[in-house]
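Here is protein.txt, consisting of compact mmCIF, C-alpha atoms:
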# COMPACT_ATOMS: atom_id res chain seq x y z
CA MET A 1 -0.55 -53.66 130.25
CA SER A 2 0.60 -50.96 127.81
CA PRO A 3 0.93 -47.34 129.05
CA LEU A 4 -2.11 -46.28 126.98
CA ALA A 5 -4.24 -49.18 128.24
CA ASP A 6 -3.25 -48.31 131.80
CA ARG A 7 -4.24 -44.68 131.18
CA LEU A 8 -7.63 -45.73 129.80
CA GLU A 9 -8.21 -47.77 132.95
CA GLN A 10 -7.38 -44.77 135.12
CA VAL A 11 -9.65 -42.42 133.17
CA GLY A 12 -12.49 -44.94 133.24
CA ALA A 13 -12.15 -45.50 137.00
CA GLU A 14 -12.22 -41.79 137.85
CA ALA A 15 -15.01 -41.03 135.35
CA ALA A 16 -17.12 -43.85 136.80
CA ALA A 17 -16.76 -42.31 140.26
CA ARG A 18 -17.81 -38.83 139.12
CA ALA A 19 -20.36 -39.40 136.35
CA ASP A 20 -23.45 -41.49 135.59
CA HIS A 21 -22.00 -42.82 132.34
CA TRP A 22 -18.67 -42.49 130.52
CA GLU A 23 -17.16 -43.26 127.12
CA ILE A 24 -13.58 -42.94 125.87
CA MET A 25 -12.17 -42.78 122.36
CA SER A 26 -8.39 -42.70 121.95
CA VAL A 27 -6.47 -42.52 118.67
CA GLU A 28 -2.83 -43.55 118.16
CA ARG A 29 -1.39 -42.57 114.80
CA ASP A 30 2.01 -43.05 113.16
CA ASP A 31 2.71 -41.16 109.93
CA THR A 32 5.58 -41.87 107.55
CA VAL A 33 5.94 -39.29 104.78
CA VAL A 34 8.06 -39.59 101.63
CA GLU A 35 8.48 -36.49 99.49
CA VAL A 36 8.85 -36.94 95.74
CA GLY A 37 10.65 -34.26 93.76
CA SER A 38 11.02 -34.49 89.98
CA GLY A 39 10.05 -38.14 90.11
CA VAL A 40 12.66 -39.08 92.72
CA PRO A 41 11.70 -40.19 96.29
CA ASP A 42 13.63 -37.88 98.57
CA LEU A 43 13.03 -36.75 102.15
CA VAL A 44 11.51 -39.21 104.65
CA ARG A 45 10.03 -38.07 107.96
CA SER A 46 7.94 -39.72 110.68
CA ALA A 47 5.60 -38.54 113.42
CA HIS A 48 3.61 -40.12 116.26
CA GLU A 49 0.45 -38.75 117.86
CA THR A 50 -1.83 -39.96 120.64
CA ALA A 51 -5.03 -38.15 121.64
CA LEU A 52 -7.96 -38.98 123.87
CA CYS A 53 -11.59 -37.87 124.05
CA LEU A 54 -13.77 -38.44 127.12
CA ARG A 55 -17.56 -38.08 127.08
CA VAL A 56 -19.56 -38.27 130.31
CA HIS A 57 -23.25 -38.14 131.24
CA ARG A 58 -24.00 -36.36 134.50
CA HIS A 59 -27.37 -35.25 135.82
CA GLY A 60 -28.94 -35.86 132.41
CA ARG A 61 -26.45 -33.82 130.40
CA VAL A 62 -23.43 -34.60 128.22
CA GLY A 63 -19.94 -33.20 128.75
CA THR A 64 -16.83 -33.83 126.65
CA ALA A 65 -13.12 -33.11 126.99
CA THR A 66 -10.15 -33.89 124.77
CA THR A 67 -6.41 -33.92 125.35
CA THR A 68 -3.06 -34.96 123.95
CA ARG A 69 -1.56 -34.89 127.47
CA LEU A 70 -2.35 -38.32 128.82
CA ASP A 71 -0.54 -37.79 132.12
CA ASP A 72 -3.22 -35.58 133.73
CA VAL A 73 -6.22 -37.86 134.18
CA HIS A 74 -7.78 -35.75 136.94
CA ALA A 75 -7.84 -32.60 134.79
CA LEU A 76 -9.39 -34.44 131.82
CA VAL A 77 -12.22 -35.93 133.87
CA GLY A 78 -12.75 -32.63 135.68
CA ASP A 79 -13.10 -30.75 132.40
CA ALA A 80 -15.67 -33.25 131.09
CA VAL A 81 -17.72 -33.12 134.30
CA ARG A 82 -17.70 -29.30 134.36
CA ASN A 83 -18.70 -29.14 130.69
CA ALA A 84 -21.65 -31.43 131.42
CA ALA A 85 -23.20 -28.72 133.57
CA HIS A 86 -23.93 -26.74 130.40
CA GLY A 87 -23.96 -29.57 127.85
CA PRO A 88 -26.80 -30.91 125.68
CA PRO A 89 -29.33 -33.39 127.12
CA ALA A 90 -28.04 -36.94 127.36
CA PRO A 91 -29.83 -39.61 125.31
CA ARG A 92 -31.97 -42.08 127.23
CA ASP A 93 -30.04 -44.99 125.74
CA PRO A 94 -26.37 -44.03 125.14
CA VAL A 95 -25.40 -45.13 121.64
CA ILE A 96 -21.75 -45.67 122.53
CA GLY A 97 -22.56 -47.93 125.47
CA ARG A 98 -23.04 -50.89 123.12
CA ASN A 99 -23.35 -54.45 124.31
CA ALA A 100 -20.60 -56.99 123.71
CA ALA A 101 -22.20 -58.35 120.54
CA ALA A 102 -22.35 -54.88 118.95
CA ALA A 103 -18.78 -54.12 119.99
CA ALA A 104 -17.57 -57.41 118.51
CA ALA A 105 -19.06 -56.42 115.16
CA GLU A 106 -16.48 -53.63 114.93
CA THR A 107 -13.76 -55.89 113.62
CA ALA A 108 -10.20 -54.81 113.12
CA ALA A 109 -9.42 -53.83 109.53
CA VAL A 110 -5.70 -54.41 109.84
CA ASP A 111 -3.63 -54.08 106.72
CA GLU A 112 -1.57 -57.29 106.79
CA GLY A 113 0.41 -56.85 103.57
CA THR A 114 4.03 -55.91 103.04
CA ARG A 115 3.02 -52.51 101.76
CA SER A 116 5.66 -49.88 101.51
CA VAL A 117 5.31 -46.15 101.38
CA ARG A 118 8.53 -46.01 99.38
CA LEU A 119 7.15 -48.45 96.80
CA LEU A 120 4.21 -46.13 96.17
CA ALA A 121 6.56 -43.14 95.95
CA GLU A 122 8.61 -45.03 93.37
CA GLN A 123 5.46 -45.67 91.33
CA MET A 124 4.87 -41.93 91.30
CA GLY A 125 8.38 -41.55 89.96
CA ALA A 126 7.66 -44.17 87.30
CA LEU A 127 4.73 -42.04 86.14
CA GLN A 128 7.22 -39.31 85.29
CA ARG A 129 9.12 -41.66 83.02
CA SER A 130 6.02 -43.13 81.35
CA ALA A 131 4.02 -39.91 81.02
CA GLY A 132 6.83 -37.47 80.35
CA LEU A 133 5.50 -35.04 82.99
CA THR A 134 7.50 -33.89 86.00
CA VAL A 135 5.92 -35.40 89.13
CA HIS A 136 6.10 -33.82 92.59
CA GLY A 137 4.21 -34.60 95.76
CA THR A 138 4.06 -36.55 98.98
CA VAL A 139 3.06 -40.08 99.95
CA THR A 140 1.98 -40.54 103.56
CA ARG A 141 1.52 -43.96 105.12
CA THR A 142 -0.67 -43.78 108.21
CA GLU A 143 -1.05 -46.53 110.76
CA GLN A 144 -4.00 -45.66 112.97
CA THR A 145 -5.40 -47.48 116.00
CA VAL A 146 -8.69 -46.43 117.56
CA HIS A 147 -9.41 -47.55 121.13
CA ARG A 148 -12.91 -47.34 122.59
CA ALA A 149 -13.72 -47.95 126.24
CA GLY A 150 -16.86 -47.80 128.32
CA PRO A 151 -18.59 -49.56 131.17
CA ASP A 152 -19.35 -52.51 128.88
CA GLY A 153 -15.74 -53.15 127.88
CA ARG A 154 -13.06 -52.05 125.44
CA THR A 155 -12.52 -52.55 121.68
CA THR A 156 -9.57 -51.77 119.42
CA THR A 157 -9.62 -51.31 115.63
CA SER A 158 -6.60 -50.73 113.42
CA ASP A 159 -5.97 -49.78 109.83
CA ARG A 160 -3.13 -48.77 107.53
CA PHE A 161 -3.60 -46.62 104.48
CA PHE A 162 -1.83 -44.23 102.13
CA HIS A 163 -2.61 -40.63 101.27
CA ILE A 164 -1.18 -39.23 98.02
CA ALA A 165 -0.92 -35.57 97.11
CA ALA A 166 0.72 -35.33 93.69
CA LEU A 167 1.21 -32.77 90.94
CA ALA A 168 2.23 -33.75 87.42
CA GLU A 169 3.32 -30.77 85.34
CA GLY A 170 4.63 -30.06 81.89
CA SER A 171 5.28 -26.85 80.02
CA ALA A 172 1.58 -25.92 79.85
CA VAL A 173 -0.38 -28.42 81.99
CA GLN A 174 -0.51 -29.02 85.74
CA LEU A 175 -2.51 -32.04 86.85
CA PRO A 176 -3.08 -32.36 90.63
CA TRP A 177 -4.35 -35.51 92.36
CA THR A 178 -5.25 -36.00 96.00
CA GLY A 179 -6.66 -39.29 97.20
CA TRP A 180 -6.50 -42.35 99.41
CA THR A 181 -5.54 -45.97 98.84
CA ARG A 182 -5.02 -48.97 101.10
CA THR A 183 -2.62 -50.68 98.69
CA PRO A 184 0.76 -49.37 97.53
CA ALA A 185 -0.54 -49.07 93.97
CA LEU A 186 -1.80 -46.06 92.06
CA PRO A 187 -5.20 -46.47 90.38
CA ALA A 188 -4.67 -47.74 86.85
CA ALA A 189 -7.16 -45.22 85.48
CA LEU A 190 -5.10 -42.39 86.96
CA ALA A 191 -1.93 -43.53 85.21
CA VAL A 192 -3.76 -43.81 81.88
CA TRP A 193 -5.22 -40.32 82.35
CA LEU A 194 -1.81 -38.74 83.10
CA GLU A 195 -0.24 -40.41 80.10
CA ALA A 196 -3.06 -39.17 77.86
CA ALA A 197 -2.82 -35.62 79.24
CA ALA A 198 0.95 -35.62 78.73
CA GLY A 199 0.32 -35.94 74.99
CA TRP A 200 -1.62 -32.67 75.09
CA ASP A 201 1.11 -30.62 76.79
CA GLY A 202 2.40 -29.12 73.55
CA LEU A 203 -0.98 -28.09 72.15
CA PRO A 204 -1.68 -24.41 71.43
CA ALA A 205 -3.69 -22.13 73.72
CA ALA A 206 -7.36 -21.87 72.78
CA ASP A 207 -10.65 -20.32 73.82
CA ALA A 208 -13.78 -22.28 74.62
CA PRO A 209 -16.41 -22.48 71.86
CA SER A 210 -18.77 -19.52 71.97
CA GLY A 211 -21.83 -21.45 70.88
CA ASP A 212 -23.57 -24.61 72.01
CA HIS A 213 -21.03 -27.26 73.06
CA ASP A 214 -20.53 -30.38 75.20
CA VAL A 215 -18.76 -30.43 78.57
CA LEU A 216 -16.61 -33.38 79.71
CA LEU A 217 -15.61 -33.20 83.40
CA ALA A 218 -12.63 -35.04 84.90
CA PRO A 219 -13.04 -36.62 88.40
CA SER A 220 -11.54 -33.59 90.17
CA ALA A 221 -14.05 -31.26 88.48
CA VAL A 222 -16.89 -33.70 89.21
CA HIS A 223 -15.94 -33.57 92.89
CA THR A 224 -16.18 -29.76 92.77
CA LEU A 225 -19.51 -29.93 90.92
CA LEU A 226 -21.01 -32.29 93.52
CA THR A 227 -19.75 -30.37 96.55
CA PRO A 228 -22.82 -28.06 96.76
CA LEU A 229 -25.15 -31.07 96.85
CA VAL A 230 -22.99 -33.02 99.30
CA THR A 231 -22.79 -29.95 101.54
CA ALA A 232 -26.52 -29.31 101.26
CA LEU A 233 -27.23 -32.89 102.43
CA ASN A 234 -24.89 -32.49 105.42
CA GLY A 235 -26.76 -32.37 108.73
CA THR A 236 -24.81 -29.27 109.77
CA ALA A 237 -26.08 -27.30 106.75
CA VAL A 238 -29.61 -28.61 107.27
CA THR A 239 -29.77 -27.53 110.92
CA ALA A 240 -28.27 -24.13 110.10
CA GLY A 241 -30.83 -23.46 107.36
CA ARG A 242 -28.08 -23.30 104.72
CA SER A 243 -29.25 -26.18 102.52
CA PHE A 244 -30.96 -25.57 99.18
CA VAL A 245 -32.24 -29.15 99.02
CA ALA A 246 -33.31 -29.96 102.62
CA GLY A 247 -36.91 -28.93 102.01
CA HIS A 248 -37.13 -30.84 98.72
CA LEU A 249 -36.13 -34.39 99.65
CA GLY A 250 -38.10 -36.88 97.59
CA GLU A 251 -38.46 -34.50 94.65
CA PRO A 252 -36.77 -35.07 91.23
CA PHE A 253 -33.55 -33.10 91.03
CA LEU A 254 -31.07 -34.82 88.69
CA ASN A 255 -31.22 -37.17 85.71
CA PRO A 256 -33.21 -40.33 86.63
CA SER A 257 -30.15 -42.52 86.02
CA ILE A 258 -27.97 -40.69 88.58
CA GLY A 259 -27.23 -42.20 91.98
CA LEU A 260 -25.00 -41.04 94.86
CA ARG A 261 -24.21 -43.54 97.61
CA ASP A 262 -21.83 -43.54 100.57
CA HIS A 263 -20.59 -47.09 100.98
CA PRO A 264 -17.48 -49.16 101.67
CA SER A 265 -15.34 -51.05 99.22
CA GLU A 266 -14.61 -54.61 100.17
CA PRO A 267 -11.23 -54.57 101.97
CA ALA A 268 -10.52 -58.20 101.15
CA GLU A 269 -9.86 -57.65 97.45
CA PRO A 270 -8.88 -54.74 95.20
CA ASP A 271 -11.70 -52.95 93.42
CA GLU A 272 -11.85 -51.47 89.94
CA GLU A 273 -10.72 -48.09 91.27
CA GLY A 274 -7.38 -49.45 92.49
CA THR A 275 -8.08 -48.37 96.07
CA GLY A 276 -7.99 -51.86 97.51
CA GLY A 277 -11.05 -51.04 99.60
CA LEU A 278 -10.99 -47.87 101.67
CA ALA A 279 -11.35 -48.20 105.43
CA TRP A 280 -14.89 -48.48 106.76
CA PRO A 281 -15.23 -48.46 110.55
CA GLY A 282 -17.84 -50.44 112.43
CA SER A 283 -19.21 -47.29 114.05
CA ASP A 284 -18.71 -43.53 113.90
CA ASP A 285 -17.25 -41.42 116.71
CA ASP A 286 -20.70 -41.03 118.27
CA GLY A 287 -20.89 -44.82 118.52
CA VAL A 288 -23.58 -45.20 115.85
CA PRO A 289 -23.04 -48.24 113.59
CA CYS A 290 -21.83 -47.32 110.10
CA ALA A 291 -23.85 -48.63 107.18
CA PRO A 292 -24.12 -47.80 103.46
CA LEU A 293 -26.35 -44.79 102.86
CA THR A 294 -28.07 -43.80 99.61
CA LEU A 295 -28.16 -40.02 99.29
CA VAL A 296 -29.54 -39.72 95.74
CA GLU A 297 -31.60 -42.48 94.14
CA ARG A 298 -32.67 -42.31 90.49
CA GLY A 299 -31.99 -38.59 90.45
CA VAL A 300 -33.96 -37.90 93.64
CA PRO A 301 -32.24 -36.69 96.87
CA VAL A 302 -33.68 -39.02 99.51
CA ARG A 303 -31.66 -38.60 102.69
CA ALA A 304 -29.31 -36.26 104.54
CA TYR A 305 -26.39 -37.67 106.53
CA HIS A 306 -26.14 -36.93 110.24
CA SER A 307 -24.13 -37.11 113.41
CA VAL A 308 -25.97 -37.66 116.69
CA ARG A 309 -26.07 -33.90 117.35
CA THR A 310 -27.46 -32.85 113.96
CA ALA A 311 -29.93 -35.76 113.91
CA ALA A 312 -31.30 -34.71 117.30
CA ALA A 313 -31.69 -31.13 116.08
CA CYS A 314 -33.66 -32.37 113.03
CA GLY A 315 -35.72 -34.91 114.97
CA THR A 316 -34.42 -37.84 112.93
CA ALA A 317 -32.12 -40.83 113.44
CA PRO A 318 -28.32 -40.51 113.15
CA THR A 319 -26.83 -42.22 110.10
CA GLY A 320 -23.39 -43.19 111.44
CA HIS A 321 -21.50 -40.28 109.85
CA GLY A 322 -20.39 -38.37 112.95
CA PHE A 323 -16.58 -38.25 112.84
CA ARG A 324 -13.84 -36.20 114.40
CA GLY A 325 -11.95 -35.39 111.21
CA ASN A 326 -13.02 -38.28 108.97
CA ALA A 327 -13.20 -42.06 109.10
CA LEU A 328 -9.75 -42.48 107.59
CA ARG A 329 -7.94 -39.88 109.62
CA ARG A 330 -9.43 -39.20 113.04
CA THR A 331 -8.66 -35.83 114.66
CA VAL A 332 -9.75 -36.21 118.26
CA LEU A 333 -9.39 -32.52 119.11
CA LYS A 334 -12.09 -31.64 116.55
CA PRO A 335 -15.82 -31.98 117.29
CA ALA A 336 -17.80 -34.80 115.70
CA THR A 337 -19.48 -33.53 112.53
CA PRO A 338 -21.27 -35.29 109.63
CA VAL A 339 -18.67 -36.57 107.13
CA LEU A 340 -18.95 -38.75 104.01
CA ASN A 341 -16.33 -41.49 103.78
CA GLY A 342 -16.67 -43.12 100.37
CA ALA A 343 -19.33 -41.46 98.24
CA THR A 344 -19.66 -42.91 94.74
CA LEU A 345 -21.42 -41.25 91.81
CA SER A 346 -22.98 -43.74 89.41
CA ALA A 347 -25.35 -43.94 86.48
CA GLY A 348 -27.40 -46.70 84.91
CA PRO A 349 -25.66 -49.25 82.64
CA ALA A 350 -26.85 -47.40 79.55
CA GLY A 351 -25.11 -44.22 80.75
CA ALA A 352 -21.58 -45.60 81.21
CA GLY A 353 -18.64 -45.97 78.85
CA SER A 354 -14.87 -45.68 78.68
CA PHE A 355 -13.14 -42.30 78.71
CA ASP A 356 -12.14 -42.81 75.08
CA ASP A 357 -15.78 -43.47 74.18
CA LEU A 358 -16.92 -40.29 75.95
CA LEU A 359 -14.23 -38.23 74.25
CA ALA A 360 -14.96 -39.69 70.82
CA GLY A 361 -18.61 -38.71 71.18
CA VAL A 362 -17.85 -34.99 71.47
CA ARG A 363 -17.97 -33.08 68.19
CA GLU A 364 -17.23 -29.71 69.76
CA GLY A 365 -16.77 -29.08 73.47
CA VAL A 366 -14.42 -28.66 76.41
CA LEU A 367 -12.72 -31.03 78.84
CA VAL A 368 -12.56 -29.49 82.32
CA GLU A 369 -9.83 -31.06 84.46
CA SER A 370 -10.07 -28.83 87.54
CA LEU A 371 -11.54 -25.60 88.87
CA MET A 372 -10.35 -22.97 91.34
CA GLY A 373 -12.62 -21.44 94.00
CA GLY A 374 -15.61 -23.62 93.18
CA HIS A 375 -16.49 -24.43 96.81
CA GLN A 376 -17.22 -20.93 98.09
CA ARG A 377 -21.04 -21.09 98.03
CA ALA A 378 -21.36 -24.81 98.70
CA GLY A 379 -24.70 -25.71 100.28
CA LEU A 380 -26.33 -22.37 99.47
CA SER A 381 -26.62 -22.78 95.72
CA PRO A 382 -26.46 -25.61 93.17
CA VAL A 383 -24.36 -23.36 90.92
CA VAL A 384 -20.56 -23.74 91.09
CA GLU A 385 -18.72 -20.54 90.23
CA GLY A 386 -14.95 -20.29 89.95
CA ARG A 387 -12.10 -20.11 87.49
CA LEU A 388 -11.01 -22.75 85.04
CA ARG A 389 -7.74 -24.10 86.42
CA LEU A 390 -7.01 -26.49 83.59
CA GLY A 391 -9.13 -27.41 80.59
CA PHE A 392 -8.86 -28.54 76.99
CA LEU A 393 -10.65 -27.79 73.74
CA ILE A 394 -12.25 -30.82 72.01
CA ARG A 395 -12.98 -30.99 68.30
CA ASP A 396 -14.26 -34.05 66.45
CA GLY A 397 -13.50 -36.42 69.32
CA ARG A 398 -9.90 -35.24 69.81
CA VAL A 399 -8.24 -32.79 72.19
CA ALA A 400 -7.18 -29.83 70.04
CA GLY A 401 -5.90 -27.16 72.46
CA ILE A 402 -5.35 -25.99 76.04
CA LEU A 403 -8.02 -23.59 77.27
CA ARG A 404 -7.03 -20.20 78.59
CA GLN A 405 -8.00 -19.59 82.21
CA ARG A 406 -11.33 -17.84 82.56
CA PRO A 407 -14.34 -17.58 84.89
CA ILE A 408 -16.72 -20.53 84.69
CA ALA A 409 -20.13 -21.37 86.15
CA LEU A 410 -21.69 -24.84 86.21
CA ASP A 411 -25.19 -25.67 87.45
CA LEU A 412 -25.23 -29.25 88.75
CA ARG A 413 -28.98 -29.42 88.01
CA GLU A 414 -28.13 -28.90 84.34
CA VAL A 415 -24.89 -30.91 84.05
CA LEU A 416 -26.30 -33.89 85.98
CA GLY A 417 -29.87 -33.17 84.91
CA ARG A 418 -31.27 -32.61 81.45
CA ARG A 419 -27.81 -32.19 79.85
CA PHE A 420 -26.38 -35.39 81.36
CA ARG A 421 -25.30 -38.02 78.84
CA ALA A 422 -22.88 -40.52 80.42
CA VAL A 423 -20.21 -41.31 83.01
CA SER A 424 -16.98 -43.25 82.57
CA ASP A 425 -16.82 -46.86 83.70
CA ARG A 426 -13.63 -46.18 85.70
CA ARG A 427 -13.23 -43.85 88.67
CA TRP A 428 -10.71 -43.05 91.35
CA ALA A 429 -10.67 -41.60 94.85
CA VAL A 430 -10.68 -37.82 95.20
CA SER A 431 -10.23 -36.34 98.66
CA ARG A 432 -10.57 -32.61 99.19
CA ILE A 433 -13.65 -31.18 100.88
CA TRP A 434 -15.03 -34.73 101.26
CA SER A 435 -13.88 -38.21 100.19
CA GLY A 436 -15.41 -39.94 97.19
CA ARG A 437 -14.77 -42.01 94.09
CA MET A 438 -15.54 -39.99 91.01
CA PRO A 439 -15.84 -40.88 87.29
CA PHE A 440 -15.61 -38.65 84.22
CA VAL A 441 -18.98 -37.06 83.40
CA LEU A 442 -20.18 -36.00 79.95
CA ALA A 443 -22.90 -33.36 79.58
CA GLY A 444 -24.38 -32.38 76.25
CA GLY A 445 -24.80 -28.88 74.90
CA THR A 446 -27.57 -26.57 75.97

The structure in this file should be written as structure tokens.
Amino acid sequence: MSPLADRLEQVGAEAAARADHWEIMSVERDDTVVEVGSGVPDLVRSAHETALCLRVHRHGRVGTATTTRLDDVHALVGDAVRNAAHGPPAPRDPVIGRNAAAAAAETAAVDEGTRSVRLLAEQMGALQRSAGLTVHGTVTRTEQTVHRAGPDGRTTTSDRFFHIAALAEGSAVQLPWTGWTRTPALPAALAVWLEAAAGWDGLPAADAPSGDHDVLLAPSAVHTLLTPLVTALNGTAVTAGRSFVAGHLGEPFLNPSIGLRDHPSEPAEPDEEGTGGLAWPGSDDDGVPCAPLTLVERGVPVRAYHSVRTAAACGTAPTGHGFRGNALRRTVLKPATPVLNGATLSAGPAGAGSFDDLLAGVREGVLVESLMGGHQRAGLSPVVEGRLRLGFLIRDGRVAGILRQRPIALDLREVLGRRFRAVSDRRWAVSRIWSGRMPFVLAGGT
């Protein structure tokens, strides 16, 4: 028996003697980080972390305790039991105490390939040579194992994935990208985008058109634009009364062709985004089975996403989105909160085209690559206010200049509502405030 398995047995035995019901989640994680400077893989460092969370039911109430010190079982169980004295009411049927059939459904998503963190770092370096931009950043390969234990047995799930934080810069442009992938391959659409943007590095500075004009948003800017809606549909915002959409579910809000869905990619084969299928656990950290969830259907917000705690506060069912950290990177010492894992923005077939098609359709407009400070009022207002971090002037279907930084405000009801025209047929993972796969979005003039 491994040291961790032995420790889980000890915790379970003592918790069973002192509580009516007990559940354990333990996370083992190994990180290997390669730093890339000026296109060259450089420093390599590694780290290992093990953490454990114990939840008990005692006298009809729930108590939790977490630790990274696995040698003091008595203190961990004691903390959980004491916390139960003032904890929330325990559910009648504990969701984590699943039967063997439900536990077996949580299959291991083990990455079996010969993937290499250095290979991915070298691909980042190759982007520097092909695009002509200087590339910096980090590539982190994470191997994560999640152990669950309870009176009905123990399950183990494993996954391996890569996190990339990169910055490609020239004399006048700086293009950041932060995302996830399960294969050591950058999304093809990302490489094409960087190579296209590299050709605009020498363009003159310009101001945005003063009159009516189109707006083309890159995936990073789309992520920022959607953050108010994603936050407003979060169970935490709903229970706190900080959601502008909670009282209007079922009412038209965006263009009828717009959909927003949190769902897994198939891990068995690469998808069109180059992510190879992001991890999708069998259940969240509250023990609720994970399943695809439609948040916006045909332009209508239809459902919020919940953890067990926020669902109970709203008098509804949990949706399997309660995670400590997120589904890809568990952080046991954090509380379980509602988190999206793979949200995808889509439009009807008539509203999709290639990036080149979207660009060619703009007579006069701007291309917004990224914004600064656009998340500050998320959940309270559908209007994103910030500063233009990087943008380009478009004239007659061609990029004609680099926009000067300036304040900017975008109303998602307008951009994805009556002004919406199309989305690109390619998208890639963006991971900042939440994880999702975003396309380019084109909105017409006012």

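Residue neighbourhood of A:Asp79, excluding near-sequence residues (fewer than 3 positions): Ala15, Arg18, Ala19, Cys53, Leu54, Arg55, Val56, Val62, Gly63, Thr64, Ala65, Thr66, Thr67, Asp72, Val73, His74, Ala75, Leu76, Arg82, Asn83, Ala84, Ala85, His86 and Gly87 of chain A, at 12 Å, using only C-alpha atoms.
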
**Item:** Residue nearest A:Pro176 among A:Arg298, A:Arg141, A:His136, A:Arg7 (counting only C-alpha atoms)
**Value:**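 Selected residue with least distance to A:Pro176: A:His136.
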
**Prompt:** What gap, in Å, lies between atom CA of A:Asp214 and atom CA of A:Gly361?
**Reply:**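 Atom CA of A:Asp214 sits 9.4 Å away from atom CA of A:Gly361.
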
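Residue nearest A:Leu328 within the list A:Thr231, A:Thr310, A:Ser354, A:Thr145: A:Thr145 [criterion: smallest interatomic distance, only C-alpha atoms].
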
**Request:** To one decimal in Å, tell me the separation between atom CA of A:Asp201 and atom CA of A:Arg395.
**Result:** 16.5 Å

**Item:** For A:Ala232: contacts at 8 Å, all atoms listed in the file, fewer than 2 positions along chain excluded, given as JSON, numbers by chain
**Value:** {"A": [228, 229, 230, 234, 237, 238, 242, 243, 244, 245, 246, 378, 379, 380]}

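As for atom CA of A:Leu260 and atom CA of A:Leu293, they are spaced 8.9 Å apart.
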
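Residue neighbourhood of A:Thr138, excluding near-sequence residues (fewer than 2 positions): Val34, Glu35, Val36, Ile164 and Ala165 of chain A, at 6 Å, using all atoms listed in the file.
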
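Residues in contact range of stretch 305-308 of chain A, defined as at most 7 Å between all atoms listed in the file, with sequence neighbours fewer than 5 positions away removed, read A:Leu233, A:Asn234, A:Gly235, A:Asp286, A:Pro318, A:Thr319, A:Gly320, A:His321, A:Gly322, A:Thr337, A:Pro338.
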
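In this comparison, which uses only C-alpha atoms, the residue of A:Leu175, A:Thr68, A:Gly401, A:Glu195 approaching A:Gln128 most closely is A:Glu195.
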
**Message:** Considering only C-alpha atoms, can you say which of A:Gln10, A:Ser381, A:Thr157, A:Ser210 comes closest to A:Glu28?
**Reply:**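 Distance minimum relative to A:Glu28 lands on A:Thr157.
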